[in-house]
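So this one's final.cif, mmCIF, C-alpha atoms (C1' of nucleotides) and all ligand atoms:
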data_input
#
loop_
_atom_site.label_atom_id
_atom_site.label_comp_id
_atom_site.auth_asym_id
_atom_site.auth_seq_id
_atom_site.Cartn_x
_atom_site.Cartn_y
_atom_site.Cartn_z
CA MET A 55 82.72 -59.49 30.16
CA ASP A 56 84.23 -60.58 33.46
CA LEU A 57 80.85 -60.87 35.09
CA ILE A 58 80.46 -64.06 33.10
CA ARG A 59 82.97 -65.71 35.39
CA THR A 60 80.27 -66.20 38.01
CA GLN A 61 78.70 -69.58 38.65
CA GLY A 62 81.75 -71.36 37.37
CA ARG A 63 81.34 -70.13 33.81
CA ARG A 64 84.50 -69.57 31.80
CA ILE A 65 85.68 -66.87 29.49
CA THR A 66 86.78 -68.59 26.33
CA ARG A 67 88.46 -67.38 23.19
CA GLN A 68 85.27 -68.14 21.28
CA ARG A 69 83.04 -66.12 23.58
CA ARG A 70 85.39 -63.17 23.50
CA LEU A 71 85.51 -63.37 19.74
CA VAL A 72 81.74 -63.46 19.33
CA LEU A 73 81.32 -60.39 21.50
CA GLU A 74 84.17 -58.48 19.84
CA THR A 75 82.93 -59.24 16.37
CA LEU A 76 79.47 -58.07 17.31
CA ARG A 77 80.83 -54.89 18.83
CA ASP A 78 83.03 -54.13 15.84
CA SER A 79 80.24 -54.50 13.33
CA GLN A 80 77.65 -51.88 14.16
CA GLU A 81 75.06 -54.02 12.42
CA HIS A 82 72.23 -56.36 13.33
CA LEU A 83 73.72 -59.68 12.35
CA ASP A 84 71.93 -62.98 12.44
CA ALA A 85 73.63 -66.02 13.92
CA TYR A 86 74.89 -67.33 10.62
CA ALA A 87 76.27 -64.01 9.38
CA LEU A 88 78.04 -63.61 12.69
CA PHE A 89 79.36 -67.15 12.39
CA GLU A 90 80.88 -66.33 9.00
CA ARG A 91 82.59 -63.23 10.35
CA VAL A 92 83.92 -64.99 13.41
CA LYS A 93 85.20 -67.83 11.26
CA VAL A 94 87.60 -65.39 9.59
CA ARG A 95 89.44 -65.05 12.88
CA ASP A 96 88.89 -68.60 14.12
CA SER A 97 88.38 -70.97 11.24
CA LYS A 98 87.61 -73.87 13.58
CA ILE A 99 84.72 -72.32 15.47
CA SER A 100 81.38 -74.04 15.05
CA LEU A 101 77.95 -72.57 14.50
CA ALA A 102 76.72 -74.31 17.63
CA THR A 103 79.30 -72.43 19.65
CA VAL A 104 78.16 -69.14 18.17
CA TYR A 105 74.61 -69.94 19.24
CA ARG A 106 75.78 -71.01 22.69
CA SER A 107 77.91 -67.90 23.10
CA LEU A 108 75.07 -65.64 22.05
CA ALA A 109 72.76 -67.28 24.56
CA LEU A 110 75.29 -66.74 27.32
CA LEU A 111 76.07 -63.15 26.35
CA LYS A 112 72.35 -62.44 26.22
CA GLU A 113 71.92 -63.84 29.73
CA SER A 114 74.62 -61.56 31.02
CA GLY A 115 73.10 -58.56 29.24
CA LEU A 116 76.07 -57.89 26.95
CA VAL A 117 74.12 -58.79 23.84
CA GLN A 118 70.56 -58.12 22.72
CA GLU A 119 68.53 -60.31 20.43
CA ASN A 120 66.03 -58.55 18.18
CA ARG A 121 63.20 -60.14 16.29
CA LEU A 122 62.88 -58.11 13.13
CA GLY A 123 59.99 -59.84 11.44
CA GLU A 124 62.02 -62.70 10.03
CA ASP A 125 62.10 -66.30 11.15
CA HIS A 126 65.41 -65.89 12.91
CA GLY A 127 66.96 -63.57 15.45
CA HIS A 128 69.32 -60.66 14.90
CA PHE A 129 71.95 -59.75 17.43
CA GLU A 130 73.77 -56.61 18.52
CA ALA A 131 76.05 -55.60 21.34
CA THR A 132 74.10 -53.83 24.07
CA GLN A 133 74.23 -50.04 23.63
CA ALA A 134 74.32 -47.39 26.32
CA THR A 135 70.80 -46.16 25.61
CA PRO A 136 67.90 -48.47 24.83
CA HIS A 137 66.55 -48.18 21.33
CA TYR A 138 64.07 -49.83 19.02
CA HIS A 139 63.94 -50.88 15.39
CA PHE A 140 62.18 -50.24 12.13
CA THR A 141 62.79 -52.55 9.18
CA CYS A 142 62.00 -51.70 5.60
CA LEU A 143 60.03 -54.36 3.76
CA GLY A 144 61.44 -53.03 0.52
CA CYS A 145 65.21 -52.89 0.95
CA GLY A 146 65.58 -54.63 4.29
CA CYS A 147 67.40 -51.77 5.96
CA VAL A 148 67.16 -51.45 9.73
CA ILE A 149 66.62 -48.02 11.27
CA GLU A 150 67.17 -47.55 14.96
CA PHE A 151 65.27 -44.99 16.97
CA GLU A 152 64.83 -43.93 20.56
CA ALA A 153 61.38 -43.58 22.07
CA PRO A 154 61.14 -42.58 25.73
CA GLN A 155 57.37 -42.97 25.50
CA VAL A 156 57.85 -46.73 25.57
CA MET A 157 59.25 -46.59 29.07
CA GLU A 158 56.28 -44.50 30.12
CA VAL A 159 54.03 -47.31 28.93
CA VAL A 160 56.09 -49.76 30.93
CA ALA A 161 55.92 -47.58 34.02
CA THR A 162 52.15 -47.34 33.70
CA LEU A 163 51.82 -51.11 33.55
CA CYS A 164 54.14 -51.58 36.49
CA SER A 165 52.13 -49.38 38.80
CA GLY A 166 48.71 -50.02 37.28
CA GLN A 167 48.78 -53.82 36.97
CA ALA A 168 51.71 -54.70 39.23
CA LEU A 169 53.65 -56.20 36.36
CA GLN A 170 57.40 -56.65 36.60
CA VAL A 171 58.77 -55.91 33.13
CA THR A 172 62.16 -57.36 32.26
CA GLY A 173 62.07 -57.29 28.49
CA VAL A 174 60.85 -54.68 26.01
CA ASN A 175 60.69 -55.26 22.30
CA LEU A 176 59.25 -52.73 19.88
CA HIS A 177 59.49 -53.50 16.21
CA LEU A 178 58.03 -51.42 13.42
CA SER A 179 57.95 -52.42 9.79
CA GLY A 180 57.02 -50.63 6.61
CA TYR A 181 58.87 -48.70 3.93
CA CYS A 182 61.79 -46.36 4.29
CA ALA A 183 61.98 -42.98 2.58
CA ASP A 184 63.86 -44.48 -0.37
CA CYS A 185 61.44 -47.35 -0.87
CA HIS A 186 57.90 -46.04 -0.55
CA ALA A 187 56.20 -44.59 -3.58
CA PRO A 188 54.99 -41.12 -2.58
CA GLY A 189 51.48 -41.84 -3.92
CA GLN A 190 51.10 -45.10 -1.99
CA ASP A 191 48.78 -45.36 0.98
CA GLY A 192 50.82 -45.88 4.09
CA GLY A 193 50.42 -46.20 7.80
CA CYS A 194 50.52 -42.52 8.71
CA GLY A 195 48.95 -39.24 7.70
CA MET B 114 35.69 -62.08 5.00
CA ASP B 115 34.28 -61.32 1.56
CA LEU B 116 37.14 -59.01 0.72
CA ILE B 117 39.18 -62.18 0.27
CA ARG B 118 37.31 -62.87 -2.94
CA THR B 119 39.47 -60.35 -4.75
CA GLN B 120 42.25 -61.45 -7.07
CA GLY B 121 40.51 -64.71 -7.74
CA ARG B 122 40.93 -66.01 -4.20
CA ARG B 123 38.22 -68.27 -2.90
CA ILE B 124 36.36 -68.53 0.36
CA THR B 125 36.65 -72.10 1.48
CA ARG B 126 35.14 -74.01 4.35
CA GLN B 127 38.61 -74.35 5.85
CA ARG B 128 39.37 -70.64 5.75
CA ARG B 129 36.01 -69.79 7.28
CA LEU B 130 36.60 -72.37 9.97
CA VAL B 131 40.06 -71.08 10.86
CA LEU B 132 38.75 -67.54 11.23
CA GLU B 133 35.68 -68.57 13.22
CA THR B 134 37.68 -70.74 15.56
CA LEU B 135 40.08 -67.91 16.18
CA ARG B 136 37.23 -65.49 16.82
CA ASP B 137 35.46 -67.83 19.19
CA SER B 138 38.50 -68.48 21.31
CA GLN B 139 39.53 -65.17 22.77
CA GLU B 140 43.04 -66.53 23.16
CA HIS B 141 46.42 -66.23 21.47
CA LEU B 142 46.70 -69.63 19.86
CA ASP B 143 49.70 -70.91 17.99
CA ALA B 144 49.26 -72.66 14.68
CA TYR B 145 49.26 -76.14 16.12
CA ALA B 146 46.80 -75.38 18.93
CA LEU B 147 44.52 -73.78 16.39
CA PHE B 148 44.90 -76.83 14.16
CA GLU B 149 43.78 -79.10 16.98
CA ARG B 150 40.69 -76.99 17.64
CA VAL B 151 39.77 -76.74 14.01
CA LYS B 152 40.21 -80.48 13.62
CA VAL B 153 37.32 -81.01 16.02
CA ARG B 154 34.98 -79.50 13.47
CA ASP B 155 36.79 -80.76 10.36
CA SER B 156 38.74 -83.87 11.13
CA LYS B 157 40.26 -83.94 7.64
CA ILE B 158 41.86 -80.50 7.69
CA SER B 159 45.63 -80.46 7.46
CA LEU B 160 48.14 -78.39 9.37
CA ALA B 161 49.45 -76.99 6.09
CA THR B 162 46.02 -75.58 5.35
CA VAL B 163 45.89 -73.92 8.75
CA TYR B 164 49.21 -72.24 8.00
CA ARG B 165 48.05 -71.25 4.53
CA SER B 166 44.76 -69.90 5.84
CA LEU B 167 46.47 -67.90 8.54
CA ALA B 168 48.81 -66.36 5.98
CA LEU B 169 45.88 -65.34 3.83
CA LEU B 170 43.80 -63.99 6.70
CA LYS B 171 46.80 -62.02 7.85
CA GLU B 172 47.22 -60.51 4.40
CA SER B 173 43.61 -59.38 4.41
CA GLY B 174 43.96 -57.93 7.89
CA LEU B 175 41.43 -60.22 9.55
CA VAL B 176 44.05 -61.93 11.66
CA GLN B 177 47.10 -60.70 13.53
CA GLU B 178 50.22 -62.66 14.23
CA ASN B 179 52.04 -61.88 17.45
CA ARG B 180 55.56 -62.86 18.35
CA LEU B 181 55.49 -63.44 22.08
CA GLY B 182 59.08 -64.37 22.74
CA GLU B 183 58.76 -67.98 21.65
CA ASP B 184 60.06 -69.63 18.51
CA HIS B 185 56.65 -69.66 16.89
CA GLY B 186 53.85 -67.24 16.19
CA HIS B 187 50.58 -66.75 18.05
CA PHE B 188 47.44 -65.68 16.28
CA GLU B 189 44.30 -63.77 17.13
CA ALA B 190 41.37 -62.31 15.25
CA THR B 191 41.88 -58.61 14.63
CA GLN B 192 40.20 -56.51 17.34
CA ALA B 193 38.52 -53.14 16.97
CA THR B 194 41.22 -51.29 18.86
CA PRO B 195 44.93 -52.03 18.46
CA HIS B 196 46.57 -53.47 21.51
CA TYR B 197 49.87 -54.91 22.65
CA HIS B 198 51.03 -57.83 24.76
CA PHE B 199 52.85 -58.71 27.91
CA THR B 200 53.79 -62.31 28.60
CA CYS B 201 54.70 -63.68 31.99
CA LEU B 202 57.91 -65.71 32.04
CA GLY B 203 56.61 -67.50 35.12
CA CYS B 204 53.15 -68.76 34.24
CA GLY B 205 53.04 -67.96 30.55
CA CYS B 206 49.90 -65.85 30.77
CA VAL B 207 49.35 -63.16 28.16
CA ILE B 208 48.08 -59.75 29.23
CA GLU B 209 46.78 -57.34 26.63
CA PHE B 210 47.03 -53.60 27.03
CA GLU B 211 46.37 -50.46 25.06
CA ALA B 212 49.03 -47.81 24.69
CA PRO B 213 48.20 -44.76 22.59
CA GLN B 214 51.75 -43.53 23.12
CA VAL B 215 52.94 -46.14 20.64
CA MET B 216 51.06 -44.47 17.83
CA GLU B 217 52.62 -41.15 18.84
CA VAL B 218 56.01 -42.75 18.34
CA VAL B 219 54.91 -43.97 14.94
CA ALA B 220 53.63 -40.54 13.99
CA THR B 221 56.91 -38.96 15.00
CA LEU B 222 58.85 -41.35 12.79
CA CYS B 223 56.50 -40.79 9.90
CA SER B 224 56.97 -37.05 9.85
CA GLY B 225 60.52 -36.96 11.16
CA GLN B 226 62.14 -39.62 9.01
CA ALA B 227 59.53 -40.04 6.25
CA LEU B 228 58.95 -43.66 7.17
CA GLN B 229 55.79 -45.44 6.10
CA VAL B 230 54.84 -47.72 8.96
CA THR B 231 52.61 -50.67 8.15
CA GLY B 232 53.28 -52.96 11.09
CA VAL B 233 53.66 -52.32 14.80
CA ASN B 234 54.67 -54.95 17.29
CA LEU B 235 55.26 -54.20 20.95
CA HIS B 236 55.98 -57.08 23.22
CA LEU B 237 56.83 -56.87 26.90
CA SER B 238 57.93 -59.76 29.03
CA GLY B 239 58.48 -60.22 32.73
CA TYR B 240 56.44 -61.45 35.67
CA CYS B 241 52.78 -60.97 36.37
CA ALA B 242 51.44 -59.95 39.77
CA ASP B 243 50.90 -63.59 40.74
CA CYS B 244 54.38 -64.71 39.74
CA HIS B 245 56.88 -62.13 40.89
CA ALA B 246 58.27 -62.35 44.38
CA PRO B 247 57.65 -58.96 46.02
CA GLY B 248 61.28 -58.71 47.14
CA GLN B 249 62.73 -59.46 43.71
CA ASP B 250 64.42 -56.74 41.70
CA GLY B 251 62.33 -56.01 38.67
CA GLY B 252 62.22 -53.67 35.75
CA CYS B 253 60.32 -50.82 37.32
CA GLY B 254 60.34 -48.70 40.43
"C1'" DA C 156 105.14 -75.46 35.39
"C1'" DG C 157 102.50 -79.66 35.87
"C1'" DT C 158 98.15 -81.89 37.35
"C1'" DT C 159 93.33 -82.18 38.05
"C1'" DT C 160 88.65 -80.87 37.48
"C1'" DT C 161 85.02 -80.04 34.70
"C1'" DA C 162 83.02 -76.42 31.66
"C1'" DT C 163 83.20 -75.85 26.83
"C1'" DT C 164 83.93 -77.07 22.17
"C1'" DG C 165 83.27 -79.22 17.44
"C1'" DC C 166 80.87 -82.23 15.00
"C1'" DG C 167 77.05 -84.57 13.52
"C1'" DA C 168 72.51 -85.78 14.46
"C1'" DA C 169 67.97 -84.34 16.32
"C1'" DT C 170 64.02 -81.05 16.71
"C1'" DA C 171 60.54 -77.96 15.65
"C1'" DA C 172 58.26 -74.49 12.96
"C1'" DT C 173 56.98 -73.56 8.63
"C1'" DA C 174 57.02 -73.98 3.50
"C1'" DC C 175 56.71 -76.66 -0.64
"C1'" DT C 176 55.18 -80.51 -4.21
"C1'" DC C 177 51.82 -82.57 -6.54
"C1'" DA C 178 47.87 -85.38 -7.43
"C1'" DT C 179 43.08 -84.77 -6.11
"C1'" DT C 180 39.12 -81.93 -4.82
"C1'" DA C 181 36.14 -78.03 -4.53
"C1'" DT C 182 34.93 -73.14 -5.58
"C1'" DC C 183 32.73 -70.16 -8.56
"C1'" DA C 184 31.93 -67.80 -12.96
"C1'" DA C 185 29.81 -68.75 -17.17
"C1'" DT D 16 25.96 -78.04 -14.98
"C1'" DT D 17 30.23 -77.55 -16.36
"C1'" DG D 18 34.97 -76.06 -17.01
"C1'" DA D 19 38.91 -73.59 -15.46
"C1'" DT D 20 41.81 -73.30 -11.85
"C1'" DA D 21 42.52 -72.15 -6.88
"C1'" DA D 22 42.94 -74.77 -2.75
"C1'" DT D 23 43.50 -78.96 -0.14
"C1'" DG D 24 45.75 -83.18 2.15
"C1'" DA D 25 49.55 -85.85 2.78
"C1'" DG D 26 53.95 -86.27 2.69
"C1'" DT D 27 58.42 -84.34 2.11
"C1'" DA D 28 61.76 -80.51 2.33
"C1'" DT D 29 63.84 -76.59 4.44
"C1'" DT D 30 65.62 -73.68 8.00
"C1'" DA D 31 66.75 -72.12 12.52
"C1'" DT D 32 68.17 -73.76 16.59
"C1'" DT D 33 69.35 -77.34 20.04
"C1'" DC D 34 71.38 -81.64 21.73
"C1'" DG D 35 74.66 -85.73 22.69
"C1'" DC D 36 79.04 -86.95 23.27
"C1'" DA D 37 83.96 -87.59 22.91
"C1'" DA D 38 87.84 -84.46 22.79
"C1'" DT D 39 89.73 -80.05 24.45
"C1'" DA D 40 90.99 -76.29 27.27
"C1'" DA D 41 90.11 -72.83 31.23
"C1'" DA D 42 90.79 -72.26 35.86
"C1'" DA D 43 91.99 -74.01 40.36
"C1'" DC D 44 95.37 -76.38 42.84
"C1'" DT D 45 100.03 -78.20 43.69
MN MN E 301 69.88 -51.91 17.24
MN MN E 302 45.90 -59.89 21.72
ZN ZN E 303 63.83 -49.39 2.12
ZN ZN E 304 52.66 -65.18 35.75
#

Full structure transcribed into structure tokens:
Amino acid sequence: MDLIRTQGRRITRQRRLVLETLRDSQEHLDAYALFERVKVRDSKISLATVYRSLALLKESGLVQENRLGEDHGHFEATQATPHYHFTCLGCGCVIEFEAPQVMEVVATLCSGQALQVTGVNLHLSGYCADCHAPGQDGGCG
Amino acid sequence: MDLIRTQGRRITRQRRLVLETLRDSQEHLDAYALFERVKVRDSKISLATVYRSLALLKESGLVQENRLGEDHGHFEATQATPHYHFTCLGCGCVIEFEAPQVMEVVATLCSGQALQVTGVNLHLSGYCADCHAPGQDGGCG
DNA sequence: AGTTTTATTGCGAATAATACTCATTATCAA
DNA sequence: TTGATAATGAGTATTATTCGCAATAAAACT
């Protein structure tokens, strides 16, 4: 968190609160849901500040934004190991998974096409085990 | 295109035009850019119809929507082989690439966690060969 | 501890992408 | 050709996110 204090940026109660709240909840909250949770501890905080804090925390790498197929972002505190997401179109649950193959793809592109990759986003959607009818035709064998 | 005519849906001049325009341009157009191109051939078409047509064509699998890190979608006619996207944060160019490893990941999740995957979206961002300074620290070795 | 500097906040208003309403038009089955 | 109704165009509404600005507070300085 202290690495924010570069370039004259300040550590504020609001920014600390946004990060803590995100870390405490092991979920993938959207900006408004996070706002509601943060408001419990700071009833005066504004939604704009939540957005601004998230943008800053993202810049510093402490927070990740995930696009999970909806028209708004979902946020989570950065984990130790990179992971990706599956969302169920039935119940809306989010399942995290690791996939080292993705980094192999990235490595191939780096050497093959001289691309410098700074962001990786893999999002799968479909139906979780609870939601898909066993007879239904799905996306895998 | 004819498979649209199921469930009482109709093939209209506008829908045909949206699909054709998308097929002709081998680009990743957003809804508004597509609207402008379509308007050349049908000056009366409305933006709402472009959105509605895209939604329908997506449903029928003829069109893919890609989220490329911006706050709006980009569309392309469905290709023979699935592919993924890299966007350059410098110049904005979009580079397509194939990556069979992604489907291995999907297969693993299908058998391992009984997930039914219907949508796959992999998006990389960073700097293309023209844009990254050779000395800069990037995301690969 | 008090003062100064200026980054940050809260609030409301502004934007931008996309969806909706509804009267009119056009597709298509009969 | 006609009738039933799906789709369109135009405008409006909605939603996520950003912006402008006066008031506030974090950090640097005394
Ligand atoms: Mn996660
Ligand atoms: Mn493409
Ligand atoms: Zn589910
Ligand atoms: Zn570039």

Can you tell me which residues surround DT170 in chain C at a distance of at most 9 Å, considering only C-alpha atoms (C1' of nucleotides), apart from same-chain residues fewer than 6 positions away, and format the answer as a list in words?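 The contact residues come out as DT32, DT33 and DC34 of chain D.
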
Step by step, measure atom-to-atom distances between ligand MN 302 (chain E) and each residue using all atoms listed in the file, keep those at most 7 Å, then write them as a PDB file with C-alpha atoms, keeping the file's coordinate frame.
ATOM      1  CA  HIS B 141      46.420 -66.230  21.470  1.00  0.00           C
ATOM      2  CA  GLU B 189      44.300 -63.770  17.130  1.00  0.00           C
ATOM      3  CA  HIS B 196      46.570 -53.470  21.510  1.00  0.00           C
ATOM      4  CA  TYR B 197      49.870 -54.910  22.650  1.00  0.00           C
ATOM      5  CA  HIS B 198      51.030 -57.830  24.760  1.00  0.00           C
ATOM      6  CA  GLU B 209      46.780 -57.340  26.630  1.00  0.00           C
TER       7      GLU B 209
END

Check which residues fall inside 7 Å of ligand ZN 303 (chain E) when counting all atoms listed in the file, and print them as a PyMOL selection string. chain A and resi 142-147+181-185

Kindly determine which residues of chain C lie within 12 Å of chain B, considering all atoms listed in the file, and give the answer as a PyMOL selection string. chain C and resi 171-175+180-184

Axis-aligned box for range 104-109 of chain A, 3 Å per side, centre and edges in Å as lines of an AutoDock Vina configuration file:
center_x = 75.5
center_y = -68.3
center_z = 21.4
size_x = 11.4
size_y = 11.4
size_z = 12.4

The coordinates of chain B, once least-squares superposed on chain A over all sequentially paired C-alpha atoms, should be supplied as a CSV table (one decimal) with C-alpha atoms, in the coordinates of the input.
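The resulting result_24.csv:
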chain,number,residue,atom,x,y,z
B,114,MET,CA,82.7,-59.4,30.2
B,115,ASP,CA,84.2,-60.5,33.5
B,116,LEU,CA,80.8,-60.8,35.1
B,117,ILE,CA,80.4,-64.0,33.1
B,118,ARG,CA,82.9,-65.7,35.4
B,119,THR,CA,80.2,-66.1,38.0
B,120,GLN,CA,78.6,-69.5,38.6
B,121,GLY,CA,81.7,-71.3,37.4
B,122,ARG,CA,81.3,-70.0,33.8
B,123,ARG,CA,84.4,-69.5,31.8
B,124,ILE,CA,85.7,-66.8,29.5
B,125,THR,CA,86.7,-68.5,26.4
B,126,ARG,CA,88.4,-67.3,23.2
B,127,GLN,CA,85.2,-68.1,21.3
B,128,ARG,CA,83.0,-66.1,23.6
B,129,ARG,CA,85.3,-63.1,23.5
B,130,LEU,CA,85.5,-63.3,19.8
B,131,VAL,CA,81.7,-63.4,19.3
B,132,LEU,CA,81.3,-60.4,21.5
B,133,GLU,CA,84.1,-58.4,19.8
B,134,THR,CA,82.9,-59.2,16.4
B,135,LEU,CA,79.4,-58.1,17.3
B,136,ARG,CA,80.8,-54.9,18.8
B,137,ASP,CA,83.0,-54.1,15.8
B,138,SER,CA,80.2,-54.5,13.3
B,139,GLN,CA,77.6,-51.9,14.1
B,140,GLU,CA,75.1,-54.0,12.4
B,141,HIS,CA,72.2,-56.4,13.3
B,142,LEU,CA,73.7,-59.7,12.3
B,143,ASP,CA,71.9,-63.0,12.5
B,144,ALA,CA,73.6,-66.0,13.9
B,145,TYR,CA,74.9,-67.4,10.6
B,146,ALA,CA,76.2,-64.0,9.4
B,147,LEU,CA,78.0,-63.6,12.7
B,148,PHE,CA,79.4,-67.2,12.4
B,149,GLU,CA,80.9,-66.4,9.0
B,150,ARG,CA,82.6,-63.3,10.4
B,151,VAL,CA,83.9,-65.0,13.4
B,152,LYS,CA,85.2,-67.8,11.3
B,153,VAL,CA,87.6,-65.4,9.6
B,154,ARG,CA,89.4,-65.0,12.9
B,155,ASP,CA,88.9,-68.6,14.1
B,156,SER,CA,88.4,-70.9,11.3
B,157,LYS,CA,87.6,-73.9,13.6
B,158,ILE,CA,84.7,-72.3,15.5
B,159,SER,CA,81.4,-74.0,15.1
B,160,LEU,CA,78.0,-72.6,14.5
B,161,ALA,CA,76.7,-74.3,17.7
B,162,THR,CA,79.3,-72.4,19.7
B,163,VAL,CA,78.1,-69.1,18.2
B,164,TYR,CA,74.6,-70.0,19.3
B,165,ARG,CA,75.8,-71.0,22.7
B,166,SER,CA,77.9,-67.9,23.1
B,167,LEU,CA,75.0,-65.6,22.0
B,168,ALA,CA,72.7,-67.3,24.6
B,169,LEU,CA,75.3,-66.7,27.3
B,170,LEU,CA,76.0,-63.1,26.3
B,171,LYS,CA,72.3,-62.4,26.2
B,172,GLU,CA,71.9,-63.8,29.7
B,173,SER,CA,74.6,-61.5,31.0
B,174,GLY,CA,73.1,-58.5,29.2
B,175,LEU,CA,76.0,-57.9,27.0
B,176,VAL,CA,74.1,-58.8,23.8
B,177,GLN,CA,70.5,-58.1,22.7
B,178,GLU,CA,68.5,-60.3,20.4
B,179,ASN,CA,66.0,-58.5,18.2
B,180,ARG,CA,63.2,-60.1,16.3
B,181,LEU,CA,62.9,-58.1,13.1
B,182,GLY,CA,60.0,-59.9,11.4
B,183,GLU,CA,62.0,-62.7,10.0
B,184,ASP,CA,62.1,-66.3,11.2
B,185,HIS,CA,65.4,-65.9,12.9
B,186,GLY,CA,66.9,-63.6,15.5
B,187,HIS,CA,69.3,-60.7,14.9
B,188,PHE,CA,71.9,-59.7,17.4
B,189,GLU,CA,73.8,-56.6,18.5
B,190,ALA,CA,76.0,-55.6,21.3
B,191,THR,CA,74.1,-53.8,24.0
B,192,GLN,CA,74.2,-50.0,23.6
B,193,ALA,CA,74.3,-47.4,26.3
B,194,THR,CA,70.8,-46.2,25.6
B,195,PRO,CA,67.9,-48.5,24.8
B,196,HIS,CA,66.6,-48.2,21.3
B,197,TYR,CA,64.1,-49.8,19.0
B,198,HIS,CA,63.9,-50.9,15.4
B,199,PHE,CA,62.2,-50.3,12.1
B,200,THR,CA,62.8,-52.6,9.2
B,201,CYS,CA,62.0,-51.7,5.6
B,202,LEU,CA,60.0,-54.4,3.7
B,203,GLY,CA,61.4,-53.0,0.5
B,204,CYS,CA,65.2,-52.9,0.9
B,205,GLY,CA,65.6,-54.6,4.2
B,206,CYS,CA,67.4,-51.8,5.9
B,207,VAL,CA,67.2,-51.5,9.7
B,208,ILE,CA,66.6,-48.0,11.2
B,209,GLU,CA,67.2,-47.6,15.0
B,210,PHE,CA,65.3,-45.0,17.0
B,211,GLU,CA,64.8,-43.9,20.6
B,212,ALA,CA,61.4,-43.6,22.1
B,213,PRO,CA,61.2,-42.6,25.7
B,214,GLN,CA,57.4,-43.0,25.5
B,215,VAL,CA,57.9,-46.8,25.5
B,216,MET,CA,59.3,-46.7,29.0
B,217,GLU,CA,56.3,-44.6,30.1
B,218,VAL,CA,54.1,-47.4,28.9
B,219,VAL,CA,56.2,-49.8,30.9
B,220,ALA,CA,56.0,-47.7,34.0
B,221,THR,CA,52.2,-47.4,33.7
B,222,LEU,CA,51.9,-51.2,33.6
B,223,CYS,CA,54.2,-51.6,36.5
B,224,SER,CA,52.2,-49.5,38.8
B,225,GLY,CA,48.8,-50.1,37.3
B,226,GLN,CA,48.9,-53.9,37.0
B,227,ALA,CA,51.8,-54.8,39.2
B,228,LEU,CA,53.8,-56.3,36.3
B,229,GLN,CA,57.5,-56.7,36.5
B,230,VAL,CA,58.9,-56.0,33.1
B,231,THR,CA,62.2,-57.4,32.2
B,232,GLY,CA,62.1,-57.3,28.4
B,233,VAL,CA,60.9,-54.8,26.0
B,234,ASN,CA,60.7,-55.3,22.2
B,235,LEU,CA,59.3,-52.8,19.8
B,236,HIS,CA,59.5,-53.5,16.2
B,237,LEU,CA,58.0,-51.4,13.4
B,238,SER,CA,57.9,-52.4,9.8
B,239,GLY,CA,57.0,-50.6,6.6
B,240,TYR,CA,58.9,-48.7,3.9
B,241,CYS,CA,61.8,-46.4,4.3
B,242,ALA,CA,62.0,-43.0,2.6
B,243,ASP,CA,63.9,-44.5,-0.4
B,244,CYS,CA,61.4,-47.3,-0.9
B,245,HIS,CA,57.9,-46.0,-0.5
B,246,ALA,CA,56.2,-44.6,-3.6
B,247,PRO,CA,55.0,-41.1,-2.6
B,248,GLY,CA,51.5,-41.8,-3.8
B,249,GLN,CA,51.1,-45.1,-2.0
B,250,ASP,CA,48.8,-45.3,1.0
B,251,GLY,CA,50.8,-45.8,4.1
B,252,GLY,CA,50.4,-46.1,7.8
B,253,CYS,CA,50.6,-42.5,8.7
B,254,GLY,CA,49.1,-39.2,7.7

Please indicate the distance in Å from atom ZN of ligand ZN 304 (chain E) to CA of His245 in chain B, rounded to one decimal place.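 That distance, rounded to one decimal, is 7.3 Å.
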
What is the CA of Gly232 in chain B-CA of Arg180 in chain B distance in Å, reported with one decimal?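 Going from CA of Gly232 in chain B over to CA of Arg180 in chain B covers 12.5 Å.
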
Atomic separation - CA of Asn175 in chain A relative to CA of Ala190 in chain B, Å: 21.7 Å

Pick out the residues sitting within 12 Å of Pro154 in chain A, and hand them over as an MDAnalysis selection string; count all atoms listed in the file, and ignore anything fewer than 2 positions along from it in its own chain. (chainID A and resid 135:138 151:152 156:161 176) or (chainID B and resid 214:215 217:218)

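Each of A:Thr162, A:Ser179, A:Thr60, A:Gln170 was compared to ligand ZN 304 (chain E) using all atoms listed in the file, and A:Gln170 turns out to be the nearest.
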
For DA178 in chain C, which residue out of D:DA25, D:DA19, D:DA38, D:DA43 is the nearest one, using all atoms listed in the file?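 Among D:DA25, D:DA19, D:DA38, D:DA43, it is D:DA25 that comes nearest to DA178 in chain C.
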
Using only C-alpha atoms (C1' of nucleotides), which residue out of D:DC36, D:DA21, D:DA28, D:DA42 lies closest to chain A? D:DA42

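Using only C-alpha atoms (C1' of nucleotides), the residues found no farther than 12 Å from Val94 in chain A, other than those of its own chain fewer than 6 positions away, are Leu71, Val72, Thr75, Ala87, Leu88 and Ser100 of chain A.
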
Neighbour list for Arg129 in chain B as an MDAnalysis selection string, cut-off 12 Å, all atoms listed in the file, skip fewer than 3 positions in-chain: chainID B and resid 114:115 117 123:126 132:136 151 154:155 162:163 166:167 169:170 175

Nearest to chain A: which of B:His187, B:Gly182, B:Ala168, B:Ser156 is it, counting all atoms listed in the file?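 Ranking B:His187, B:Gly182, B:Ala168, B:Ser156 by distance to chain A, first place goes to B:Gly182.
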
Calculated over only C-alpha atoms (C1' of nucleotides), which of the candidates D:DT27, D:DG35, D:DA41, D:DT17 has the smallest distance to chain A? D:DA41

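Shortest atom-to-atom contact with ligand ZN 304 (chain E) among B:Thr200, B:Thr231, B:Gln226, B:Gln127: B:Thr200, counting only C-alpha atoms and all ligand atoms.
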